[in-house]
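Chemist: This is the structure I have questions about; it appears just below.
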Amino acid sequence: MDDPLLKYPFYVKACELFDYMLDDSELLQKDYRAREIVRQLVRSTGSISANIEEGYGRGTRKEFIYFLTVSCGPARETRGWYVRSKRFLSSDMIAIRIAQLDEIISLLVSSIKSLKQKGAGE
């Protein structure tokens, strides 16, 4: 069975980002100083897609919009953790992750706006 959430690019990209972060965490784990960053990245990156899933699962537009808004918080937090990883990850890798997060945030914000406008017309 196909998950209906897969029609939302922000969700697909958030799930992909989680997989990339797991790869990144293997690099970060090599330095004892970065282990706390790994814990924070696992938590915040996972929270992006988890909030989207919870909001969709609530079954109402209002709840979905709310949880999409909540997802923007851990997306910004994840972005910050990548910025703080500059001693442990390459600048190219950090730039790629930040671009991915900026895209997710942009997609979330535009979807929130669109869903609010559709709801206002009903």
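Quick note on naming: the chains in the structure tokens go A, B, ... in the order shown, residues restart at 1 in each chain, and ligands are numbered from 1 in order of appearance.
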Using only C-alpha atoms, I'd like a table of the residues in segment 61-107 of chain A that come within 10 Å of segment 3-27 of chain A; for each, show the closest atom pair and its distance in Å rounded to one decimal, ordered by chain and ascending number, as a tab-separated table.
Modeler:
```
residue	atom	partner	partner_atom	distance
A:Leu68	CA	A:Phe10	CA	9.6
A:Ser71	CA	A:Ala14	CA	9.8
A:Ala75	CA	A:Ala14	CA	8.8
A:Thr78	CA	A:Met21	CA	9.8
A:Tyr82	CA	A:Met21	CA	9.6
A:Phe88	CA	A:Leu27	CA	7.7
A:Leu89	CA	A:Leu27	CA	7.5
A:Met93	CA	A:Asp24	CA	8.8
A:Ile94	CA	A:Asp24	CA	9.8
A:Arg97	CA	A:Leu17	CA	7.8
A:Gln100	CA	A:Leu17	CA	7.4
A:Leu101	CA	A:Leu17	CA	8.1
A:Glu103	CA	A:Phe10	CA	8.1
A:Ile104	CA	A:Phe10	CA	5.3
A:Ile105	CA	A:Phe10	CA	8.0
A:Ser106	CA	A:Phe10	CA	8.7
A:Leu107	CA	A:Phe10	CA	5.7
```
Chemist: Could the residues in this selection be written to a file with C-alpha atoms, as a JSON list (two decimals), in the first residue's frame?
Modeler:
```json
[["chain", "number", "residue", "atom", "x", "y", "z"],
["A", 68, "LEU", "CA", 3.43, 21.33, 9.40],
["A", 71, "SER", "CA", 7.83, 20.74, 11.65],
["A", 75, "ALA", "CA", 13.95, 21.78, 10.49],
["A", 78, "THR", "CA", 18.61, 20.67, 12.35],
["A", 82, "TYR", "CA", 24.68, 21.26, 10.78],
["A", 88, "PHE", "CA", 33.63, 17.72, 11.93],
["A", 89, "LEU", "CA", 32.00, 17.71, 8.47],
["A", 93, "MET", "CA", 28.53, 18.51, 2.92],
["A", 94, "ILE", "CA", 27.20, 21.15, 5.31],
["A", 97, "ARG", "CA", 22.46, 19.70, 4.00],
["A", 100, "GLN", "CA", 18.18, 20.52, 1.58],
["A", 101, "LEU", "CA", 16.81, 21.95, 4.82],
["A", 103, "GLU", "CA", 14.16, 23.56, 0.51],
["A", 104, "ILE", "CA", 12.16, 21.55, 3.07],
["A", 105, "ILE", "CA", 11.39, 24.69, 5.07],
["A", 106, "SER", "CA", 10.37, 26.56, 1.91],
["A", 107, "LEU", "CA", 8.09, 23.69, 0.83]]
```
Chemist: Considering only alpha helix (DSSP H) as DSSP defines it on the backbone, what residues of segment 3-84 of chain A qualify? List them as an MDAnalysis selection string.
Modeler: chainID A and resid 9:28 35:58 61:83
Chemist: Residues near Arg43 of chain A, anyone? I mean within 12 Å using only C-alpha atoms, not counting same-chain ones fewer than 3 positions away, as JSON, numbers by chain.
Modeler: {"A": [18, 21, 22, 25, 36, 37, 38, 39, 40, 46, 47, 48, 49, 50, 51, 74, 75, 77, 78, 81]}
Chemist: With only C-alpha atoms as the basis for distance, which of A:Val42, A:Leu28, A:Asp2, A:Arg61 is at the shortest distance from Ser114 of chain A?
Modeler: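 The answer is A:Arg61, which sits nearest to Ser114 of chain A.
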Chemist: Just give me the gap between atom CA of Arg84 of chain A and atom CA of Asp102 of chain A in Å, one decimal is fine.
Modeler: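 Computed distance, atom CA of Arg84 of chain A to atom CA of Asp102 of chain A, equals 16.1 Å.
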Chemist: Could you check how far atom CA of Gly119 of chain A sits from atom CA of Thr60 of chain A, in Å to one decimal?
Modeler: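 About the pair atom CA of Gly119 of chain A and atom CA of Thr60 of chain A: they are 10.7 Å apart.
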